[in-house]
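Taking it in order: structure first as structure tokens, then the write-up.
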Amino acid sequence: MPGIDCGVERRMGARAGLGDAADFSPLACGEGSGVGFERRDTRVPLSTRPRPDPPPPGGRESVGRDLASTRTRLDAGRTSPDRDPAFGVYVHWPFCRSKCPYCDFNSHVRHGLVDEQRLVRAFAAEIAATAARTPGRTVSTIFFGGGTPSLMEPATVAAILDAIAKNWRVSDDVEVTLEANPTSVEARRFKGYRTAGVNRVSLGVQALDDAALSALGRTHTAREALDAVAIARRIFERYSFDLIYARPGQTVPAWRAELTGAISQAAEHLSLYQLTIEPGTPFAALHASGRLATPDADHARNLYDITQEVCAAAGLPAYEVSNHARPGAECRHNLVYWRCREYAGIGPGAHGRLDIGGVRRATATERQPEAWLALVEGQGSGLVTDEPLSRTEAADEYLLMGLRLAEGIDLNRFERLAGHPLSAERIAHLTQHGLVETLAAGRLRVTATGFPVLNAVVADLAA
Ligand SMILES: C[S@@+](CC[C@H](N)C(=O)[O-])C[C@H]1O[C@@H](n2cnc3c(N)ncnc32)[C@H](O)[C@@H]1O
Ligand code: SF4
């Protein structure tokens with residue numbers, strides 16, 4: 001499948017590895033079983049982004065103020081599956097202060113100063129080039145992901161938002177999220193981001209335990225992270241934070257206590273990822289040499305079950321495999337991915353899905369920041385992949401992404417994409433095993449029993 005973003009590629013890899021031997025036992029999870037307990041897939045896909053209709057009046061400041069004064073409304077109509085005309089813009093900031101040993105995101109450490117003004121010009125050029133291909137869109141969500149976008153100067157964020165607003169129409173209730181590391185230095189910039197137009201932050205807290213944070217190679221303490229959460233709460237209408245669980249040595253009671261503590265600080269949204277051992281990372285080397293032991297499949301399953309139970313009891317049910325929210329407070333940007341809506345990918349290593357001339361196209365840009373800059377400065381965009389998806393690929397992607405959501409998929413939409421219906425026989429087989437259910441509105445979704453073996457369920461349906 002060409003150009004599928006890293007999360008989807010991994011999912012396709014997982015599927016390919018399943019073959020016909022998929023085991024639907026809910027306990028057949030974790031490494032070694034070949035059946036996905038989502039150990040590699042639980043992160044928000046990185047993914048997880050055109051000339052426009054009339055740009056809003058005024059320059060950067062007025063755009064910033066317009067965006068900043070925007071109140072996010074999440075009514076049922078806006079979030080109703082498969083109907084919202086969402087268009088997301090993903091902006092990738094590829095730099096971090098240091099590299100965490102578990103992380104394989106496209107993030108780079110630069111010891112010299114990063115030339116933000118030069119980067120802003122490149123981001124603006126790529127935004128204009130992408131907008132020229134997708135006229136008439138209205139941007140409903142913007143996501144600054146990384147890397148560490150909270151290393152950006154607020155003026156840089158404002159300038160990129162300005163470029164987006166000059167090139168596309170921007171919805172009145174646009175959701176603008178910025179990923180932030182929870183250090184005191186970065187929290188000092190939060191007000192500036194708010195003024196620039198950011199209305200939601202997503203903080204990488206990772207753990208509320210100093211020993212665990214240190215083992216994860218984080219540069220902040222739990223206290224510092226909670227202080228950053230408190231600052232975010234004062235400044236932004238909406239915030240979320242990430243935790244990593246199924247960490248080496250983590251017990252069920254310890255995770256229950258940590259999660260309960262986290263929920264007391266959470267407002268409306270939490271992302272809870274199982275630690276995945278990513279090839280090529282320092283953690284992978286430690287793991288291979290036996291110096292880093294991750295929970296076995298049964299233990300990981302227990303930690304997963306506790307996560308679902310504690311979050312649901314607190315009114316934060318999972319709306320996606322790893323994402324929990326109060327109903328209506330889901331991350332609208334990530335819903336754009338999971339509902340297979342259209343998004344532009346801007347910046348080094350960003351992936352996009354553009355619907356052009358009735359064809360869905362997978363786009364990706366050069367990953368290495370300096371090479372990306374050179375491409376954009378030379379040809380106006382850093383695109384290295386721009387390929388049409390076949391019907392089968394588009395339909396498979398809809399299955400892969402949509403079945404991660406508690407709301408599931410629209411069977412008619414699948415049929416329109418694939419050119420044939422999803423096999424009734426396979427649906428019946430999975431239903432008999434209690435792994436999927438069909439809803440009256442023509443939707444198919446994975447059940448609580450099915451989620452721990454989601455890869456196998458998707459593999460069976462896509463086969
Ligand atoms: C782009 S990263 C984080 C943004 C920000 N730089 C930070 O570290 O706070 C997005 C999230 O992916 C999760 N993540 C990254 N690598 C992971 C791994 N190997 N296993 C589980 N979660 C991971 C972390 O929770 C992280 O907050
Ligand atoms: S987890 Fe965040 S801070 Fe750490 S290397 Fe990855 S992107 Fe950078």
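Numbering starts fresh at 1 for the residues of each chain in the structure tokens, the chains themselves are lettered A, B, ... in the order given, and ligands are numbered from 1 as they appear.
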Handout entry: Nearby residues (only C-alpha atoms) at most 8 Å from A:Ala232, same-chain spacing under 6 positions excluded, as a PyMOL selection string
Key = chain A and resi 187+190+201+239
Just N, CA and C atoms for this one: save the residues we selected as a CSV table (one decimal), in the first residue's frame.
chain,number,residue,atom,x,y,z
A,187,ALA,N,5.8,25.4,29.6
A,187,ALA,CA,4.6,25.9,30.1
A,187,ALA,C,4.5,27.4,30.1
A,190,PHE,N,2.7,28.9,27.1
A,190,PHE,CA,1.3,28.5,26.8
A,190,PHE,C,0.4,29.7,26.5
A,201,VAL,N,-4.4,21.9,24.1
A,201,VAL,CA,-3.1,21.3,24.2
A,201,VAL,C,-3.1,19.8,24.6
A,239,TYR,N,-7.9,20.5,27.2
A,239,TYR,CA,-6.5,19.9,27.2
A,239,TYR,C,-6.6,18.4,27.4
Test item: residues no farther than 12 Å from ligand 2, counting only C-alpha atoms and all ligand atoms, as a PDB file with N, CA and C atoms, in the first residue's frame:
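Output below, filename pocket_37.pdb:
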ATOM      1  N   ARG A  43      -0.789   3.838  19.479  1.00  0.00           N
ATOM      2  CA  ARG A  43      -0.599   5.272  19.454  1.00  0.00           C
ATOM      3  C   ARG A  43      -1.488   5.927  18.425  1.00  0.00           C
ATOM      4  N   LEU A  46       0.454   8.885  13.546  1.00  0.00           N
ATOM      5  CA  LEU A  46       1.130  10.129  13.226  1.00  0.00           C
ATOM      6  C   LEU A  46       0.423  10.725  12.029  1.00  0.00           C
ATOM      7  N   HIS A  92       3.890  19.229  11.179  1.00  0.00           N
ATOM      8  CA  HIS A  92       4.880  18.466  11.949  1.00  0.00           C
ATOM      9  C   HIS A  92       6.093  19.318  12.299  1.00  0.00           C
ATOM     10  N   TRP A  93       6.356  19.437  13.613  1.00  0.00           N
ATOM     11  CA  TRP A  93       7.567  20.121  14.084  1.00  0.00           C
ATOM     12  C   TRP A  93       8.549  19.022  14.500  1.00  0.00           C
ATOM     13  N   PRO A  94       9.665  18.879  13.782  1.00  0.00           N
ATOM     14  CA  PRO A  94      10.464  17.649  13.915  1.00  0.00           C
ATOM     15  C   PRO A  94      11.589  17.703  14.941  1.00  0.00           C
ATOM     16  N   PHE A  95      11.575  18.660  15.843  1.00  0.00           N
ATOM     17  CA  PHE A  95      12.709  18.795  16.764  1.00  0.00           C
ATOM     18  C   PHE A  95      12.312  18.498  18.205  1.00  0.00           C
ATOM     19  N   CYS A  96      13.279  17.919  18.930  1.00  0.00           N
ATOM     20  CA  CYS A  96      13.100  17.671  20.367  1.00  0.00           C
ATOM     21  C   CYS A  96      14.361  18.111  21.088  1.00  0.00           C
ATOM     22  N   ARG A  97      14.216  18.391  22.363  1.00  0.00           N
ATOM     23  CA  ARG A  97      15.401  18.765  23.145  1.00  0.00           C
ATOM     24  C   ARG A  97      16.314  17.547  23.331  1.00  0.00           C
ATOM     25  N   SER A  98      15.724  16.391  23.581  1.00  0.00           N
ATOM     26  CA  SER A  98      16.518  15.157  23.659  1.00  0.00           C
ATOM     27  C   SER A  98      15.640  14.027  23.126  1.00  0.00           C
ATOM     28  N   LYS A  99      16.282  12.925  22.804  1.00  0.00           N
ATOM     29  CA  LYS A  99      15.515  11.826  22.194  1.00  0.00           C
ATOM     30  C   LYS A  99      15.173  10.792  23.264  1.00  0.00           C
ATOM     31  N   CYS A 100      13.903  10.510  23.452  1.00  0.00           N
ATOM     32  CA  CYS A 100      13.497   9.519  24.450  1.00  0.00           C
ATOM     33  C   CYS A 100      13.805   8.122  23.893  1.00  0.00           C
ATOM     34  N   PRO A 101      14.290   7.216  24.743  1.00  0.00           N
ATOM     35  CA  PRO A 101      14.810   5.937  24.232  1.00  0.00           C
ATOM     36  C   PRO A 101      13.760   4.980  23.674  1.00  0.00           C
ATOM     37  N   TYR A 102      12.466   5.268  23.896  1.00  0.00           N
ATOM     38  CA  TYR A 102      11.399   4.392  23.391  1.00  0.00           C
ATOM     39  C   TYR A 102      10.813   4.910  22.086  1.00  0.00           C
ATOM     40  N   CYS A 103      11.180   6.134  21.691  1.00  0.00           N
ATOM     41  CA  CYS A 103      10.414   6.863  20.664  1.00  0.00           C
ATOM     42  C   CYS A 103      11.008   6.714  19.272  1.00  0.00           C
ATOM     43  N   ASP A 104      10.160   6.376  18.288  1.00  0.00           N
ATOM     44  CA  ASP A 104      10.638   6.323  16.900  1.00  0.00           C
ATOM     45  C   ASP A 104       9.892   7.321  16.017  1.00  0.00           C
ATOM     46  N   PHE A 105       9.327   8.341  16.659  1.00  0.00           N
ATOM     47  CA  PHE A 105       8.684   9.389  15.854  1.00  0.00           C
ATOM     48  C   PHE A 105       9.751  10.153  15.077  1.00  0.00           C
ATOM     49  N   ASN A 106       9.347  10.888  14.049  1.00  0.00           N
ATOM     50  CA  ASN A 106      10.295  11.647  13.247  1.00  0.00           C
ATOM     51  C   ASN A 106      10.735  12.893  14.029  1.00  0.00           C
ATOM     52  N   SER A 107      11.645  12.667  14.956  1.00  0.00           N
ATOM     53  CA  SER A 107      12.079  13.781  15.810  1.00  0.00           C
ATOM     54  C   SER A 107      13.601  13.796  15.860  1.00  0.00           C
ATOM     55  N   HIS A 108      14.179  14.980  15.865  1.00  0.00           N
ATOM     56  CA  HIS A 108      15.622  15.158  15.744  1.00  0.00           C
ATOM     57  C   HIS A 108      16.104  16.180  16.769  1.00  0.00           C
ATOM     58  N   VAL A 109      17.294  15.906  17.292  1.00  0.00           N
ATOM     59  CA  VAL A 109      17.885  16.851  18.248  1.00  0.00           C
ATOM     60  C   VAL A 109      18.907  17.690  17.489  1.00  0.00           C
ATOM     61  N   ARG A 110      18.809  19.019  17.621  1.00  0.00           N
ATOM     62  CA  ARG A 110      19.768  19.922  16.972  1.00  0.00           C
ATOM     63  C   ARG A 110      20.444  20.748  18.048  1.00  0.00           C
ATOM     64  N   PHE A 144      -0.680  20.661  15.635  1.00  0.00           N
ATOM     65  CA  PHE A 144       0.779  20.791  15.642  1.00  0.00           C
ATOM     66  C   PHE A 144       1.324  19.589  16.396  1.00  0.00           C
ATOM     67  N   GLY A 145       1.952  18.651  15.671  1.00  0.00           N
ATOM     68  CA  GLY A 145       2.477  17.457  16.314  1.00  0.00           C
ATOM     69  C   GLY A 145       3.986  17.374  16.121  1.00  0.00           C
ATOM     70  N   GLY A 146       4.585  16.416  16.833  1.00  0.00           N
ATOM     71  CA  GLY A 146       6.035  16.362  16.731  1.00  0.00           C
ATOM     72  C   GLY A 146       6.599  14.984  16.926  1.00  0.00           C
ATOM     73  N   GLY A 147       7.888  14.984  17.331  1.00  0.00           N
ATOM     74  CA  GLY A 147       8.667  16.105  17.774  1.00  0.00           C
ATOM     75  C   GLY A 147       8.017  16.831  18.969  1.00  0.00           C
ATOM     76  N   THR A 148       8.532  17.986  19.182  1.00  0.00           N
ATOM     77  CA  THR A 148       8.067  18.791  20.309  1.00  0.00           C
ATOM     78  C   THR A 148       7.648  20.181  19.825  1.00  0.00           C
ATOM     79  N   PRO A 149       6.397  20.341  19.447  1.00  0.00           N
ATOM     80  CA  PRO A 149       5.957  21.660  18.967  1.00  0.00           C
ATOM     81  C   PRO A 149       6.047  22.748  20.040  1.00  0.00           C
ATOM     82  N   SER A 150       6.073  22.338  21.310  1.00  0.00           N
ATOM     83  CA  SER A 150       6.158  23.368  22.356  1.00  0.00           C
ATOM     84  C   SER A 150       7.564  23.952  22.461  1.00  0.00           C
ATOM     85  N   LEU A 151       8.470  23.544  21.554  1.00  0.00           N
ATOM     86  CA  LEU A 151       9.755  24.240  21.462  1.00  0.00           C
ATOM     87  C   LEU A 151       9.635  25.440  20.516  1.00  0.00           C
ATOM     88  N   GLU A 179       0.823  19.839  20.577  1.00  0.00           N
ATOM     89  CA  GLU A 179       1.441  18.867  21.497  1.00  0.00           C
ATOM     90  C   GLU A 179       2.537  19.562  22.285  1.00  0.00           C
ATOM     91  N   ALA A 180       2.529  19.363  23.580  1.00  0.00           N
ATOM     92  CA  ALA A 180       3.525  20.050  24.412  1.00  0.00           C
ATOM     93  C   ALA A 180       4.195  19.073  25.357  1.00  0.00           C
ATOM     94  N   ASN A 181       5.472  19.287  25.583  1.00  0.00           N
ATOM     95  CA  ASN A 181       6.156  18.545  26.639  1.00  0.00           C
ATOM     96  C   ASN A 181       5.921  19.310  27.947  1.00  0.00           C
ATOM     97  N   PRO A 182       5.692  18.599  29.039  1.00  0.00           N
ATOM     98  CA  PRO A 182       5.276  19.288  30.263  1.00  0.00           C
ATOM     99  C   PRO A 182       6.440  19.752  31.133  1.00  0.00           C
ATOM    100  N   THR A 183       7.309  20.578  30.577  1.00  0.00           N
ATOM    101  CA  THR A 183       8.370  21.160  31.405  1.00  0.00           C
ATOM    102  C   THR A 183       7.983  22.598  31.735  1.00  0.00           C
ATOM    103  N   GLU A 186       8.490  25.092  28.886  1.00  0.00           N
ATOM    104  CA  GLU A 186       7.489  25.096  27.832  1.00  0.00           C
ATOM    105  C   GLU A 186       6.149  25.667  28.310  1.00  0.00           C
ATOM    106  N   SER A 202      -2.156  19.118  24.126  1.00  0.00           N
ATOM    107  CA  SER A 202      -2.028  17.712  24.452  1.00  0.00           C
ATOM    108  C   SER A 202      -0.638  17.532  25.062  1.00  0.00           C
ATOM    109  N   LEU A 203      -0.613  17.188  26.335  1.00  0.00           N
ATOM    110  CA  LEU A 203       0.652  17.161  27.074  1.00  0.00           C
ATOM    111  C   LEU A 203       1.191  15.735  27.199  1.00  0.00           C
ATOM    112  N   GLY A 204       2.474  15.582  26.944  1.00  0.00           N
ATOM    113  CA  GLY A 204       3.093  14.262  27.059  1.00  0.00           C
ATOM    114  C   GLY A 204       3.569  13.993  28.472  1.00  0.00           C
ATOM    115  N   VAL A 205       2.640  13.734  29.363  1.00  0.00           N
ATOM    116  CA  VAL A 205       2.989  13.497  30.774  1.00  0.00           C
ATOM    117  C   VAL A 205       3.711  12.152  30.921  1.00  0.00           C
ATOM    118  N   GLN A 206       3.244  11.142  30.277  1.00  0.00           N
ATOM    119  CA  GLN A 206       3.818   9.766  30.202  1.00  0.00           C
ATOM    120  C   GLN A 206       3.713   8.963  31.486  1.00  0.00           C
ATOM    121  N   LEU A 213       9.490   7.951  35.098  1.00  0.00           N
ATOM    122  CA  LEU A 213       9.837   9.018  34.141  1.00  0.00           C
ATOM    123  C   LEU A 213      11.317   8.962  33.808  1.00  0.00           C
ATOM    124  N   LEU A 216      12.039   6.191  31.524  1.00  0.00           N
ATOM    125  CA  LEU A 216      11.598   6.485  30.161  1.00  0.00           C
ATOM    126  C   LEU A 216      12.487   7.551  29.507  1.00  0.00           C
ATOM    127  N   GLY A 217      13.458   8.047  30.270  1.00  0.00           N
ATOM    128  CA  GLY A 217      14.370   9.053  29.722  1.00  0.00           C
ATOM    129  C   GLY A 217      13.743  10.432  29.633  1.00  0.00           C
ATOM    130  N   ARG A 218      12.685  10.661  30.416  1.00  0.00           N
ATOM    131  CA  ARG A 218      12.031  11.975  30.352  1.00  0.00           C
ATOM    132  C   ARG A 218      12.840  12.995  31.137  1.00  0.00           C
ATOM    133  N   THR A 219      12.718  14.259  30.734  1.00  0.00           N
ATOM    134  CA  THR A 219      13.528  15.296  31.381  1.00  0.00           C
ATOM    135  C   THR A 219      12.716  16.092  32.398  1.00  0.00           C
ATOM    136  N   HIS A 220      11.477  15.641  32.693  1.00  0.00           N
ATOM    137  CA  HIS A 220      10.639  16.354  33.672  1.00  0.00           C
ATOM    138  C   HIS A 220      10.254  15.404  34.793  1.00  0.00           C
ATOM    139  N   ASP A 242      -1.101  12.532  27.747  1.00  0.00           N
ATOM    140  CA  ASP A 242      -0.748  11.160  27.378  1.00  0.00           C
ATOM    141  C   ASP A 242      -0.070  10.479  28.553  1.00  0.00           C
ATOM    142  N   LEU A 243      -0.396   9.218  28.748  1.00  0.00           N
ATOM    143  CA  LEU A 243       0.355   8.370  29.681  1.00  0.00           C
ATOM    144  C   LEU A 243       0.768   7.110  28.924  1.00  0.00           C
ATOM    145  N   ILE A 244       1.933   6.580  29.301  1.00  0.00           N
ATOM    146  CA  ILE A 244       2.370   5.304  28.753  1.00  0.00           C
ATOM    147  C   ILE A 244       2.260   4.262  29.860  1.00  0.00           C
ATOM    148  N   TYR A 273      -1.408   4.950  26.188  1.00  0.00           N
ATOM    149  CA  TYR A 273      -0.735   4.068  25.243  1.00  0.00           C
ATOM    150  C   TYR A 273       0.035   2.985  25.961  1.00  0.00           C
ATOM    151  N   LEU A 275       3.200   0.775  26.289  1.00  0.00           N
ATOM    152  CA  LEU A 275       4.580   0.919  25.812  1.00  0.00           C
ATOM    153  C   LEU A 275       4.815  -0.075  24.677  1.00  0.00           C
ATOM    154  N   THR A 276       5.285   0.435  23.545  1.00  0.00           N
ATOM    155  CA  THR A 276       5.617  -0.465  22.434  1.00  0.00           C
ATOM    156  C   THR A 276       7.126  -0.397  22.217  1.00  0.00           C
ATOM    157  N   GLU A 278       9.838  -0.220  19.827  1.00  0.00           N
ATOM    158  CA  GLU A 278       9.957   0.132  18.410  1.00  0.00           C
ATOM    159  C   GLU A 278      11.333  -0.253  17.878  1.00  0.00           C
ATOM    160  N   THR A 281      15.174   1.536  18.229  1.00  0.00           N
ATOM    161  CA  THR A 281      15.305   2.463  19.359  1.00  0.00           C
ATOM    162  C   THR A 281      16.231   1.857  20.410  1.00  0.00           C
ATOM    163  N   PRO A 282      16.783   2.676  21.308  1.00  0.00           N
ATOM    164  CA  PRO A 282      17.575   2.118  22.415  1.00  0.00           C
ATOM    165  C   PRO A 282      16.775   1.100  23.228  1.00  0.00           C
TER     166      PRO A 282
END
Handout entry: Proximity to ligand 1 - best of A:Pro421, A:Gly249, A:Gly280, A:Gly136, only C-alpha atoms and all ligand atoms
Key =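 Closest residue, counting only C-alpha atoms and all ligand atoms: A:Gly280.
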Practice task
Using DSSP on the backbone coordinates, identify the residues of stretch 164-317 of chain A assigned to strand (DSSP E); present them as a count of residues only.
Solution key: 33
Practice task
Please identify all polymer residues within 12 Å of A:Ala371, counting only C-alpha atoms, omitting same-chain residues fewer than 4 positions from it, and present them as a list in words.
Solution key: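 Listed by chain and then number, they are Ala122, Gly347, Pro348, Gly349, Thr365, Glu366, Arg367, Leu375, Val376, Glu377, Gly378, Ser381, Gly382, Leu383 and Val384 of chain A.
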Handout entry: Two-atom distance - atom CA of A:Asp209, atom CA of A:Thr251 (Å)
Key = 12.9 Å
Practice task
Would you kindly return, as a list of chain:residue names, each protein, DNA or RNA residue with an atom no farther than 8 Å from any atom of stretch 260-264 of chain A, considering only C-alpha atoms and excluding same-chain residues fewer than 4 positions away?
Solution key: A:Leu208, A:Arg256, A:Val310, A:Cys311, A:Ala314
Problem - Å distance separating atom CA of A:Phe143 from atom CA of A:Val176, one decimal place - result: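 Taking atom CA of A:Phe143 as the start and atom CA of A:Val176 as the end point, the length is 5.9 Å.
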